[in-house]
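my_file.cif follows; it contains mmCIF, C-alpha atoms.
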```cif
data_my_file
loop_
_atom_site.label_atom_id
_atom_site.label_comp_id
_atom_site.auth_asym_id
_atom_site.auth_seq_id
_atom_site.Cartn_x
_atom_site.Cartn_y
_atom_site.Cartn_z
CA MET A 7 -8.30 -12.73 -35.90
CA LEU A 8 -12.01 -12.34 -36.60
CA ILE A 9 -14.28 -11.38 -33.73
CA THR A 10 -17.83 -12.48 -34.57
CA ASN A 11 -21.34 -12.13 -33.12
CA ALA A 12 -20.47 -8.89 -31.34
CA THR A 13 -22.67 -6.05 -30.16
CA VAL A 14 -20.19 -3.35 -31.09
CA ILE A 15 -20.02 -0.02 -29.26
CA THR A 16 -18.01 2.10 -31.66
CA TRP A 17 -17.65 5.46 -29.83
CA GLY A 18 -15.70 7.69 -32.26
CA ASP A 19 -17.14 10.67 -34.16
CA ASP A 20 -20.43 8.91 -34.85
CA PRO A 21 -21.04 6.58 -31.88
CA GLN A 22 -23.20 3.60 -32.72
CA ILE A 23 -24.28 0.28 -31.24
CA LEU A 24 -24.11 -2.36 -33.96
CA THR A 25 -25.77 -5.74 -33.40
CA ASP A 26 -24.29 -9.01 -34.68
CA TYR A 27 -21.19 -7.39 -36.11
CA ALA A 28 -17.68 -8.67 -36.71
CA LEU A 29 -14.22 -7.09 -36.53
CA TYR A 30 -11.22 -8.32 -38.47
CA ILE A 31 -7.89 -7.59 -36.74
CA ASP A 32 -4.42 -7.80 -38.27
CA GLN A 33 -1.10 -6.25 -37.19
CA GLY A 34 -2.73 -4.90 -34.04
CA VAL A 35 -5.22 -2.78 -36.01
CA ILE A 36 -8.92 -3.14 -36.84
CA GLN A 37 -8.84 -3.72 -40.59
CA ALA A 38 -12.55 -4.31 -41.22
CA LEU A 39 -15.86 -3.83 -39.44
CA GLY A 40 -19.17 -5.19 -40.74
CA PRO A 41 -22.06 -7.57 -40.13
CA THR A 42 -20.92 -11.04 -39.07
CA GLU A 43 -22.60 -12.68 -42.05
CA VAL A 44 -20.83 -10.31 -44.45
CA LEU A 45 -17.29 -10.48 -43.02
CA THR A 46 -17.14 -14.19 -42.18
CA PRO A 47 -16.87 -15.43 -45.82
CA HIS A 48 -14.04 -12.97 -46.49
CA TYR A 49 -11.83 -14.19 -43.62
CA ARG A 50 -12.36 -17.95 -43.53
CA GLU A 51 -8.73 -18.63 -42.58
CA ALA A 52 -8.67 -16.19 -39.67
CA GLU A 53 -8.68 -17.35 -36.05
CA ARG A 54 -12.23 -16.93 -34.70
CA LEU A 55 -13.26 -15.35 -31.42
CA ASP A 56 -17.00 -15.60 -30.78
CA ALA A 57 -18.29 -12.67 -28.71
CA LYS A 58 -21.59 -14.51 -28.17
CA GLY A 59 -23.59 -11.30 -28.39
CA GLN A 60 -21.64 -9.52 -25.66
CA LEU A 61 -20.89 -5.81 -25.81
CA VAL A 62 -17.57 -5.28 -27.59
CA MET A 63 -16.03 -1.87 -26.98
CA PRO A 64 -12.71 -0.02 -26.69
CA GLY A 65 -10.61 -0.88 -23.65
CA ASN A 66 -10.49 1.56 -20.76
CA VAL A 67 -7.61 4.00 -20.30
CA CYS A 68 -6.16 5.10 -16.95
CA ALA A 69 -4.54 8.51 -17.40
CA HIS A 70 -2.69 8.65 -14.05
CA THR A 71 -1.71 5.79 -11.76
CA HIS A 72 1.02 4.51 -9.43
CA PHE A 73 1.89 0.83 -9.85
CA TYR A 74 4.10 0.87 -6.76
CA GLY A 75 1.04 1.57 -4.62
CA ALA A 76 0.01 -2.10 -4.92
CA TYR A 77 1.87 -3.01 -1.76
CA ALA A 78 0.02 -0.33 0.20
CA ARG A 79 -3.17 -2.38 0.00
CA GLY A 80 -3.93 -3.61 3.51
CA LEU A 81 -0.97 -1.75 5.02
CA ALA A 82 -1.88 0.02 8.28
CA ILE A 83 -0.16 3.34 9.00
CA PRO A 84 1.16 3.08 12.58
CA GLY A 85 0.01 5.54 15.21
CA GLU A 86 -2.71 8.12 14.92
CA PRO A 87 -4.32 8.57 11.49
CA PRO A 88 -2.61 11.27 9.39
CA ALA A 89 -4.43 14.59 9.83
CA ASP A 90 -3.91 15.92 6.30
CA PHE A 91 -2.46 15.10 2.89
CA PRO A 92 1.13 16.23 3.62
CA ALA A 93 1.11 13.83 6.58
CA ILE A 94 -0.20 11.03 4.34
CA LEU A 95 2.69 11.68 1.95
CA ARG A 96 5.28 11.57 4.72
CA ARG A 97 3.88 8.65 6.68
CA LEU A 98 2.66 6.42 3.86
CA TRP A 99 3.88 7.10 0.33
CA TRP A 100 7.35 8.50 0.97
CA ALA A 101 8.10 5.73 3.45
CA LEU A 102 6.70 3.09 1.11
CA ASP A 103 8.58 4.18 -2.00
CA LYS A 104 11.85 4.06 -0.04
CA SER A 105 11.07 0.44 0.80
CA LEU A 106 11.06 -0.81 -2.79
CA ASP A 107 13.85 -2.68 -4.52
CA LYS A 108 13.81 -3.99 -8.09
CA SER A 109 12.17 -7.29 -7.21
CA THR A 110 9.30 -5.62 -5.38
CA ILE A 111 8.95 -2.92 -8.06
CA TYR A 112 8.44 -5.76 -10.54
CA MET A 113 5.99 -7.58 -8.32
CA SER A 114 3.90 -4.52 -7.45
CA THR A 115 3.66 -3.81 -11.18
CA LEU A 116 2.45 -7.34 -11.94
CA VAL A 117 -0.18 -7.08 -9.20
CA CYS A 118 -1.54 -3.91 -10.80
CA LEU A 119 -1.41 -5.32 -14.32
CA VAL A 120 -3.40 -8.42 -13.37
CA ASP A 121 -5.97 -6.11 -11.79
CA ALA A 122 -6.02 -3.94 -14.92
CA ILE A 123 -6.58 -6.84 -17.33
CA LYS A 124 -9.42 -8.25 -15.22
CA HIS A 125 -11.07 -4.82 -15.07
CA GLY A 126 -10.77 -4.07 -18.78
CA ILE A 127 -8.01 -1.45 -18.74
CA THR A 128 -5.82 -1.67 -21.82
CA THR A 129 -3.60 1.44 -21.39
CA LEU A 130 -2.13 2.90 -18.19
CA ILE A 131 -0.03 6.03 -17.66
CA ASP A 132 2.17 5.38 -14.64
CA HIS A 133 4.13 7.67 -12.33
CA HIS A 134 6.85 5.78 -10.44
CA ALA A 135 9.04 6.47 -7.39
CA SER A 136 11.67 4.25 -5.73
CA PRO A 137 14.44 6.53 -4.37
CA ASN A 138 16.59 3.59 -3.23
CA ALA A 139 16.35 1.85 -6.62
CA ILE A 140 16.27 4.51 -9.34
CA PRO A 141 18.58 3.42 -12.21
CA GLY A 142 16.83 0.86 -14.37
CA SER A 143 13.59 0.99 -12.37
CA LEU A 144 11.52 1.91 -15.43
CA ASP A 145 13.01 -1.03 -17.33
CA VAL A 146 11.82 -3.32 -14.54
CA ILE A 147 8.28 -1.97 -14.93
CA ALA A 148 8.50 -2.22 -18.72
CA ASP A 149 9.60 -5.86 -18.46
CA ALA A 150 6.47 -6.65 -16.46
CA ILE A 151 4.28 -4.82 -18.98
CA ASP A 152 5.94 -6.64 -21.87
CA ARG A 153 5.38 -9.94 -20.12
CA VAL A 154 1.60 -9.46 -19.81
CA GLY A 155 1.02 -7.49 -23.03
CA LEU A 156 -0.66 -4.29 -21.84
CA ARG A 157 0.01 -0.77 -23.20
CA ALA A 158 1.64 1.83 -20.93
CA VAL A 159 3.43 5.16 -20.62
CA LEU A 160 6.05 5.29 -17.84
CA ALA A 161 7.88 8.04 -15.97
CA TYR A 162 10.15 8.38 -12.93
CA GLU A 163 9.16 10.94 -10.31
CA VAL A 164 11.99 13.48 -9.96
CA SER A 165 12.01 15.16 -6.54
CA ASP A 166 14.39 17.08 -4.28
CA ARG A 167 13.05 15.41 -1.14
CA ASP A 168 15.78 12.74 -1.13
CA GLY A 169 18.67 14.99 -2.09
CA GLN A 170 20.29 16.35 -5.23
CA GLU A 171 22.09 13.15 -6.17
CA LYS A 172 18.83 11.22 -6.38
CA ALA A 173 17.10 14.04 -8.19
CA GLN A 174 19.82 13.85 -10.84
CA ALA A 175 19.47 10.06 -10.98
CA GLY A 176 15.75 10.53 -11.61
CA ILE A 177 16.43 12.94 -14.45
CA GLU A 178 18.85 10.50 -16.05
CA GLU A 179 16.40 7.60 -15.67
CA ASN A 180 13.64 9.52 -17.46
CA VAL A 181 15.87 10.62 -20.34
CA ARG A 182 17.42 7.19 -20.80
CA PHE A 183 14.06 5.42 -20.80
CA ILE A 184 12.35 7.89 -23.16
CA HIS A 185 15.05 7.26 -25.76
CA ALA A 186 15.21 3.49 -25.17
CA TYR A 187 11.46 2.93 -25.69
CA LYS A 188 10.61 5.52 -28.32
CA ASN A 189 9.88 2.83 -30.92
CA HIS A 190 8.30 0.14 -28.74
CA PRO A 191 4.84 -0.87 -30.06
CA ARG A 192 3.12 -0.70 -26.65
CA ILE A 193 5.40 1.16 -24.22
CA ARG A 194 6.53 4.77 -24.18
CA GLY A 195 8.28 7.07 -21.74
CA THR A 196 7.58 10.57 -20.52
CA PHE A 197 9.34 12.76 -17.93
CA GLY A 198 8.08 12.44 -14.35
CA LEU A 199 8.14 15.20 -11.72
CA HIS A 200 6.66 14.95 -8.23
CA ALA A 201 5.15 18.37 -7.47
CA SER A 202 6.07 22.03 -7.29
CA MET A 203 6.47 21.83 -3.50
CA THR A 204 9.28 19.25 -3.71
CA LEU A 205 11.14 20.75 -6.68
CA SER A 206 13.44 23.78 -6.60
CA ASP A 207 13.78 26.17 -9.51
CA ALA A 208 17.24 24.77 -10.16
CA THR A 209 15.96 21.19 -10.40
CA LEU A 210 13.00 22.16 -12.58
CA LYS A 211 15.30 24.08 -14.91
CA ALA A 212 17.61 21.06 -15.09
CA CYS A 213 14.60 18.89 -16.03
CA VAL A 214 13.47 21.32 -18.73
CA ASP A 215 17.01 21.47 -20.13
CA ALA A 216 17.23 17.66 -20.17
CA LEU A 217 13.79 17.10 -21.70
CA PRO A 218 14.08 15.17 -24.98
CA GLN A 219 12.56 16.77 -28.06
CA ASP A 220 8.82 16.27 -28.62
CA CYS A 221 8.28 15.16 -25.02
CA GLY A 222 6.49 16.55 -21.96
CA PHE A 223 6.21 16.12 -18.22
CA HIS A 224 3.92 14.22 -15.85
CA ILE A 225 3.52 16.14 -12.58
CA HIS A 226 1.14 16.46 -9.62
CA VAL A 227 -0.37 19.97 -9.48
CA ALA A 228 -2.11 21.58 -6.48
CA GLU A 229 -3.46 18.31 -5.14
CA HIS A 230 -3.54 20.00 -1.71
CA GLU A 231 -3.36 23.60 -0.55
CA ALA A 232 0.18 22.93 0.69
CA ASP A 233 1.44 22.95 -2.92
CA GLN A 234 0.06 26.46 -3.46
CA GLN A 235 1.26 27.71 -0.06
CA ASP A 236 4.78 26.48 -0.76
CA SER A 237 4.89 28.14 -4.18
CA LEU A 238 3.52 31.45 -2.92
CA GLU A 239 5.89 31.58 0.07
CA LYS A 240 9.04 30.59 -1.84
CA TYR A 241 8.44 32.06 -5.29
CA GLN A 242 5.56 34.57 -4.88
CA LYS A 243 3.70 32.73 -7.64
CA ARG A 244 0.87 30.27 -7.79
CA VAL A 245 1.86 26.75 -8.87
CA VAL A 246 0.60 26.81 -12.48
CA GLN A 247 2.17 30.23 -13.11
CA ARG A 248 5.48 28.97 -11.74
CA LEU A 249 5.39 25.88 -13.95
CA PHE A 250 4.42 28.00 -16.95
CA ASP A 251 7.30 30.44 -16.37
CA LEU A 252 9.79 27.56 -16.15
CA GLY A 253 8.56 25.89 -19.34
CA VAL A 254 6.99 22.79 -17.78
CA LEU A 255 3.51 23.09 -19.32
CA GLY A 256 2.60 22.12 -22.89
CA GLU A 257 0.71 19.80 -25.21
CA LYS A 258 2.67 16.73 -24.07
CA THR A 259 2.51 17.54 -20.33
CA ILE A 260 0.11 15.90 -17.84
CA ALA A 261 -0.91 17.87 -14.75
CA ALA A 262 -2.50 15.47 -12.27
CA HIS A 263 -5.31 16.59 -9.93
CA CYS A 264 -5.35 20.42 -10.33
CA ILE A 265 -7.77 20.76 -7.41
CA HIS A 266 -6.63 23.99 -5.80
CA ILE A 267 -6.15 26.16 -8.87
CA ASP A 268 -7.95 29.36 -9.81
CA GLU A 269 -9.44 30.76 -13.01
CA GLN A 270 -6.17 32.33 -14.20
CA GLU A 271 -4.35 29.03 -13.73
CA ARG A 272 -7.03 27.22 -15.70
CA ALA A 273 -6.53 29.75 -18.48
CA LEU A 274 -2.78 28.98 -18.56
CA LEU A 275 -3.45 25.25 -18.73
CA LYS A 276 -5.82 25.79 -21.63
CA GLN A 277 -3.46 28.21 -23.39
CA THR A 278 -0.61 25.68 -23.28
CA GLY A 279 -2.76 22.66 -24.20
CA THR A 280 -1.70 20.90 -20.99
CA TRP A 281 -3.59 17.73 -20.06
CA ILE A 282 -5.31 17.50 -16.67
CA THR A 283 -6.19 14.24 -14.91
CA HIS A 284 -9.00 13.73 -12.41
CA GLN A 285 -8.77 11.01 -9.73
CA PRO A 286 -12.02 11.33 -7.72
CA ARG A 287 -11.73 8.25 -5.48
CA SER A 288 -8.21 9.17 -4.39
CA ASN A 289 -9.19 12.79 -3.80
CA MET A 290 -12.05 11.70 -1.58
CA ASN A 291 -9.87 9.22 0.31
CA ASN A 292 -7.19 11.86 0.98
CA GLY A 293 -9.73 14.52 1.89
CA VAL A 294 -8.10 17.03 -0.47
CA GLY A 295 -11.24 18.40 -2.11
CA ALA A 296 -12.69 18.27 -5.61
CA MET A 297 -11.49 19.94 -8.81
CA SER A 298 -13.68 22.51 -10.59
CA PHE A 299 -14.80 19.85 -13.03
CA ASP A 300 -17.77 21.65 -14.57
CA ASP A 301 -15.79 24.87 -15.06
CA MET A 302 -12.98 22.94 -16.72
CA MET A 303 -15.30 21.07 -19.07
CA ARG A 304 -17.23 24.23 -19.93
CA GLU A 305 -13.93 25.96 -20.73
CA ASN A 306 -12.84 23.01 -22.92
CA LEU A 307 -9.80 22.06 -20.88
CA ARG A 308 -8.26 18.68 -21.64
CA VAL A 309 -9.55 16.82 -18.57
CA CYS A 310 -8.81 13.07 -18.46
CA LEU A 311 -9.59 10.34 -15.94
CA GLY A 312 -7.12 8.35 -13.85
CA ASN A 313 -7.16 6.34 -10.63
CA ASP A 314 -4.01 7.45 -8.72
CA GLY A 315 -3.12 3.85 -7.84
CA PHE A 316 -6.53 2.86 -6.51
CA SER A 317 -7.88 -0.47 -7.76
CA ASN A 318 -7.87 -0.54 -11.55
CA ASN A 319 -11.61 -0.16 -11.92
CA MET A 320 -12.18 2.79 -14.22
CA TRP A 321 -15.96 2.47 -14.20
CA ALA A 322 -15.80 3.04 -10.44
CA GLU A 323 -13.99 6.30 -11.24
CA TRP A 324 -16.78 7.20 -13.71
CA LYS A 325 -19.41 6.63 -11.04
CA THR A 326 -17.48 8.50 -8.34
CA ALA A 327 -16.85 11.52 -10.56
CA TYR A 328 -20.52 11.56 -11.55
CA LEU A 329 -21.61 11.63 -7.88
CA LEU A 330 -18.82 13.62 -6.21
CA HIS A 331 -19.41 16.90 -8.00
CA LYS A 332 -23.14 16.74 -7.43
CA VAL A 333 -22.50 16.58 -3.69
CA VAL A 334 -19.78 19.23 -3.66
CA ASN A 335 -21.86 21.68 -5.69
CA ARG A 336 -25.25 20.67 -4.23
CA ASP A 337 -26.41 20.53 -7.85
CA PRO A 338 -27.67 17.37 -9.59
CA ARG A 339 -26.75 18.92 -12.95
CA SER A 340 -23.03 18.82 -12.15
CA ALA A 341 -20.77 16.27 -13.88
CA ASN A 342 -23.38 15.21 -16.41
CA GLY A 343 -22.99 11.89 -18.19
CA THR A 344 -21.88 13.36 -21.51
CA ASP A 345 -19.04 15.22 -19.79
CA ILE A 346 -17.97 12.03 -18.02
CA VAL A 347 -17.80 10.32 -21.43
CA GLN A 348 -15.88 13.24 -22.92
CA MET A 349 -13.31 12.90 -20.14
CA ALA A 350 -13.07 9.13 -19.81
CA ILE A 351 -13.43 8.06 -23.46
CA TYR A 352 -12.54 10.88 -25.84
CA ASN A 353 -10.01 12.92 -23.85
CA ASN A 354 -8.27 9.82 -22.52
CA ALA A 355 -7.98 8.49 -26.08
CA ARG A 356 -6.54 11.75 -27.39
CA LEU A 357 -3.99 11.72 -24.56
CA VAL A 358 -2.82 8.21 -25.44
CA GLU A 359 -2.42 9.33 -29.05
CA GLN A 360 0.12 11.94 -27.90
CA PHE A 361 2.44 9.06 -27.07
CA PHE A 362 1.56 6.60 -29.85
CA SER A 363 1.63 8.92 -32.81
CA GLY A 364 -0.25 7.82 -35.89
CA SER A 365 -2.57 5.44 -34.01
CA ARG A 366 -6.23 5.95 -33.09
CA PHE A 367 -7.61 4.91 -29.73
CA GLY A 368 -10.91 4.93 -27.88
CA GLU A 369 -13.02 3.75 -30.83
CA LEU A 370 -13.81 0.61 -32.78
CA THR A 371 -13.51 1.79 -36.36
CA GLU A 372 -11.41 0.68 -39.31
CA GLY A 373 -7.81 1.77 -38.76
CA ALA A 374 -8.10 2.07 -34.96
CA ALA A 375 -5.85 0.19 -32.54
CA ALA A 376 -7.22 -3.22 -31.57
CA ASP A 377 -7.44 -2.49 -27.83
CA ILE A 378 -10.79 -4.12 -27.08
CA ILE A 379 -12.86 -5.55 -24.23
CA PHE A 380 -15.95 -7.78 -24.08
CA VAL A 381 -18.58 -6.88 -21.49
CA ASP A 382 -21.29 -9.32 -20.42
CA TYR A 383 -23.96 -6.71 -19.71
CA LYS A 384 -27.60 -7.58 -20.20
CA PRO A 385 -29.69 -4.41 -19.84
CA TYR A 386 -33.25 -4.42 -18.55
CA THR A 387 -34.00 -1.26 -20.54
CA PRO A 388 -33.02 -0.51 -24.16
CA ILE A 389 -29.42 0.57 -24.68
CA THR A 390 -28.71 3.22 -27.32
CA ALA A 391 -25.84 5.51 -28.24
CA ASN A 392 -27.71 8.34 -26.49
CA ASN A 393 -28.30 6.64 -23.15
CA LEU A 394 -25.08 4.58 -23.08
CA PRO A 395 -23.32 6.89 -20.56
CA TRP A 396 -26.02 6.21 -17.97
CA HIS A 397 -25.99 2.47 -18.61
CA ILE A 398 -22.26 2.53 -17.85
CA ILE A 399 -22.62 4.71 -14.75
CA PHE A 400 -25.60 2.89 -13.25
CA GLY A 401 -25.36 -0.59 -14.77
CA PHE A 402 -21.80 -1.61 -15.65
CA GLU A 403 -19.61 -3.42 -13.14
CA SER A 404 -15.98 -4.37 -13.65
CA SER A 405 -16.86 -8.03 -12.98
CA MET A 406 -18.76 -7.99 -16.30
CA VAL A 407 -15.50 -7.78 -18.30
CA THR A 408 -14.86 -11.22 -19.78
CA THR A 409 -12.20 -10.60 -22.45
CA THR A 410 -9.35 -8.10 -22.78
CA ILE A 411 -7.39 -7.60 -26.01
CA VAL A 412 -4.41 -5.26 -26.52
CA ASN A 413 -2.77 -4.58 -29.86
CA GLY A 414 -4.68 -7.54 -31.28
CA THR A 415 -3.42 -10.01 -28.65
CA VAL A 416 -5.92 -11.68 -26.33
CA LEU A 417 -4.75 -11.20 -22.72
CA MET A 418 -7.87 -12.60 -21.06
CA HIS A 419 -10.71 -14.69 -22.51
CA ASP A 420 -13.82 -15.82 -20.66
CA ARG A 421 -12.24 -14.33 -17.50
CA LYS A 422 -9.12 -16.53 -17.78
CA LEU A 423 -5.78 -14.73 -17.98
CA LEU A 424 -3.74 -16.05 -20.91
CA THR A 425 -0.38 -14.26 -20.74
CA ILE A 426 0.31 -14.67 -17.02
CA SER A 427 -0.79 -16.91 -14.15
CA GLU A 428 -2.69 -14.97 -11.51
CA GLU A 429 -2.04 -17.77 -9.01
CA VAL A 430 1.73 -17.45 -9.48
CA VAL A 431 1.57 -13.65 -9.14
CA ILE A 432 -0.39 -13.99 -5.90
CA GLU A 433 2.08 -16.52 -4.51
CA ASP A 434 5.13 -14.44 -5.44
CA ALA A 435 3.59 -11.20 -4.18
CA LEU A 436 2.74 -12.71 -0.81
CA SER A 437 6.27 -14.09 -0.49
CA MET A 438 7.80 -10.61 -0.91
CA VAL A 439 5.39 -8.31 0.83
CA ASN A 440 6.58 -8.90 4.40
CA LYS A 441 10.06 -7.54 3.66
CA VAL A 442 8.49 -4.45 2.06
CA TRP A 443 6.27 -3.84 5.07
CA LYS A 444 9.22 -4.40 7.44
CA ARG A 445 11.30 -1.80 5.59
CA TYR A 446 8.27 0.51 5.58
CA GLN A 447 7.96 0.23 9.37
CA GLU A 448 11.62 1.25 9.67
CA ASN A 449 11.26 4.15 7.23
CA VAL A 450 8.10 5.57 8.77
CA ARG A 451 9.67 6.11 12.19
#
```
For this file, write the structure as structure tokens.
Amino acid sequence: MLITNATVITWGDDPQILTDYALYIDQGVIQALGPTEVLTPHYREAERLDAKGQLVMPGNVCAHTHFYGAYARGLAIPGEPPADFPAILRRLWWALDKSLDKSTIYMSTLVCLVDAIKHGITTLIDHHASPNAIPGSLDVIADAIDRVGLRAVLAYEVSDRDGQEKAQAGIEENVRFIHAYKNHPRIRGTFGLHASMTLSDATLKACVDALPQDCGFHIHVAEHEADQQDSLEKYQKRVVQRLFDLGVLGEKTIAAHCIHIDEQERALLKQTGTWITHQPRSNMNNGVGAMSFDDMMRENLRVCLGNDGFSNNMWAEWKTAYLLHKVVNRDPRSANGTDIVQMAIYNNARLVEQFFSGSRFGELTEGAAADIIFVDYKPYTPITANNLPWHIIFGFESSMVTTTIVNGTVLMHDRKLLTISEEVVIEDALSMVNKVWKRYQENVR
């Protein structure tokens, strides 16, 4: 395929904005990049995709999400509003995940994937829980991903909260899936853990012992003070120290949130090369606080950007992160635009490369993966590589995404989904949601 008449945003080591350029794609990889008039004669037989002058840039990455949260949209928690995050977990998420069976796992995944394609997300790193449907649950999610053509990394959330038998089933599901999908072109597995406060030493040790070679974990870390309180009371250690001592941290491990950690814990995360994900909209919604973003970026920690199962609008996460830390710190210099780009573009790309070894992401350069979006953005002030972060933060909207391409396959063109019918997904989702909400009402009592 030859994409022509593009205004290419390259990112990469030498970010540039290239006007009237073309990209030749073959085998899911960008094979050539050059002016439209130069490349067109060389690839006369290639399928053409005219960008019509739109911005053409790497697809967005979501470093931490929960597909199963799709059926929480519009769901009202009965009774008084939960007073804190542990209550939200008990009364919403842990009752909802118990309500899922394989058919509704599949449907909630499709709902999220449609949302992701429309909003220009090409890779998602998911963290799944369905304690009443564990074996094969990751295959169900992978089938949905395969159907629509997105790229994803999947994990099952091991936890002791539903008993030892289900914790063991979660371990087995992670290990089985990691091996089964190790060579898939767009899907990989990692090893999911819920959080320190719902995992005993014995279970964590069993997970470390079962971890396949060259793999890591995906775990929530100190999202709320309760995680630290639990660790200090039970183990006389702070959460990150406990995870370090048990061998959970490392260059393939993702620690989501990391809000209530201290300087020593940050040092351990840096020492081990552990990835950290920031989910500002979710943190604000749950009232759990804000991570020490500026400290982490200054200390060169591997901070990435996710959405925690919120709508798949990563530019909304950019904007929220940019504003949140200014308010928290009462300092307009906090969370500057270049740090937001470092997190959301460069760090997210390097994280994806941990799972798809040998591929390059987050840039439009020769040899990079052909995960690409078109954005119909018409600026009223000049757009350059230097001011691009602020155009994205203050000008871009997810509705401006017109085309989404993953691994060289067009999933949406001119805002029309090509690999799946949104109308059918809506109809099927609505037909199933009542039974999920009914089971939820029974579980939440």
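If only C-alpha atoms are the atoms counted, then among A:Leu249, A:Ala273, A:Val334, A:Ala262 the closest residue to Glu305 of chain A is A:Ala273.
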List every residue of segment 334-374 of chain A that has an atom at most 9 Å from any atom of segment 25-39 of chain A, and for each one report the closest atom pair and its distance in Å to one decimal, counting only C-alpha atoms, with rows sorted by chain and then by increasing residue number, as JSON lines.
```
{"residue": "A:Ser365", "atom": "CA", "partner": "A:Val35", "partner_atom": "CA", "distance": 8.9}
{"residue": "A:Leu370", "atom": "CA", "partner": "A:Ile36", "partner_atom": "CA", "distance": 7.4}
{"residue": "A:Thr371", "atom": "CA", "partner": "A:Ile36", "partner_atom": "CA", "distance": 6.8}
{"residue": "A:Glu372", "atom": "CA", "partner": "A:Ile36", "partner_atom": "CA", "distance": 5.2}
{"residue": "A:Gly373", "atom": "CA", "partner": "A:Ile36", "partner_atom": "CA", "distance": 5.4}
{"residue": "A:Ala374", "atom": "CA", "partner": "A:Ile36", "partner_atom": "CA", "distance": 5.6}
```
Hits of the PyMOL selection byres ((chain A and resi 20) around 12) in this structure, as a list in words: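 Selection result, ordered by chain and number: Ile15, Thr16, Trp17, Gly18, Asp19, Pro21, Gln22, Ile23, Leu24, Glu369, Leu370, Thr371, Ala391 and Asn392 of chain A.
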Residue nearest Ala261 of chain A - candidates A:Glu229, A:Asp121, A:Glu43, A:Asp220, atoms counted: all atoms listed in the file: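 Residue with the minimum atom-to-atom distance to Ala261 of chain A: A:Glu229.
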Separation of atom CA of Lys240 of chain A from atom CA of Arg272 of chain A, in Å and rounded to one decimal: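 Atom-to-atom, atom CA of Lys240 of chain A and atom CA of Arg272 of chain A are spaced 21.5 Å apart.
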With the cut-off set at 12 Å and counting all atoms listed in the file, tabulate each residue of segment 64-101 of chain A with an atom at most that distance from an atom of segment 148-157 of chain A, showing the nearest atom pair and its distance in Å to one decimal, ordered by chain and increasing number, as a Markdown table.
```
| residue | atom | partner | partner_atom | distance |
| --- | --- | --- | --- | --- |
| A:Gly65 | CA | A:Arg157 | CA | 10.6 |
| A:Asn66 | CA | A:Arg157 | CA | 11.0 |
| A:Val67 | CA | A:Arg157 | CA | 9.4 |
| A:Cys68 | CA | A:Arg157 | CA | 10.6 |
| A:Ala69 | CA | A:Arg157 | CA | 11.9 |
| A:Phe73 | CA | A:Ala150 | CA | 11.0 |
```
Nearest residue to Glu257 of chain A from the set A:Ala122, A:Ile147, A:Leu357, A:Ala232 (distances using all atoms listed in the file): A:Leu357
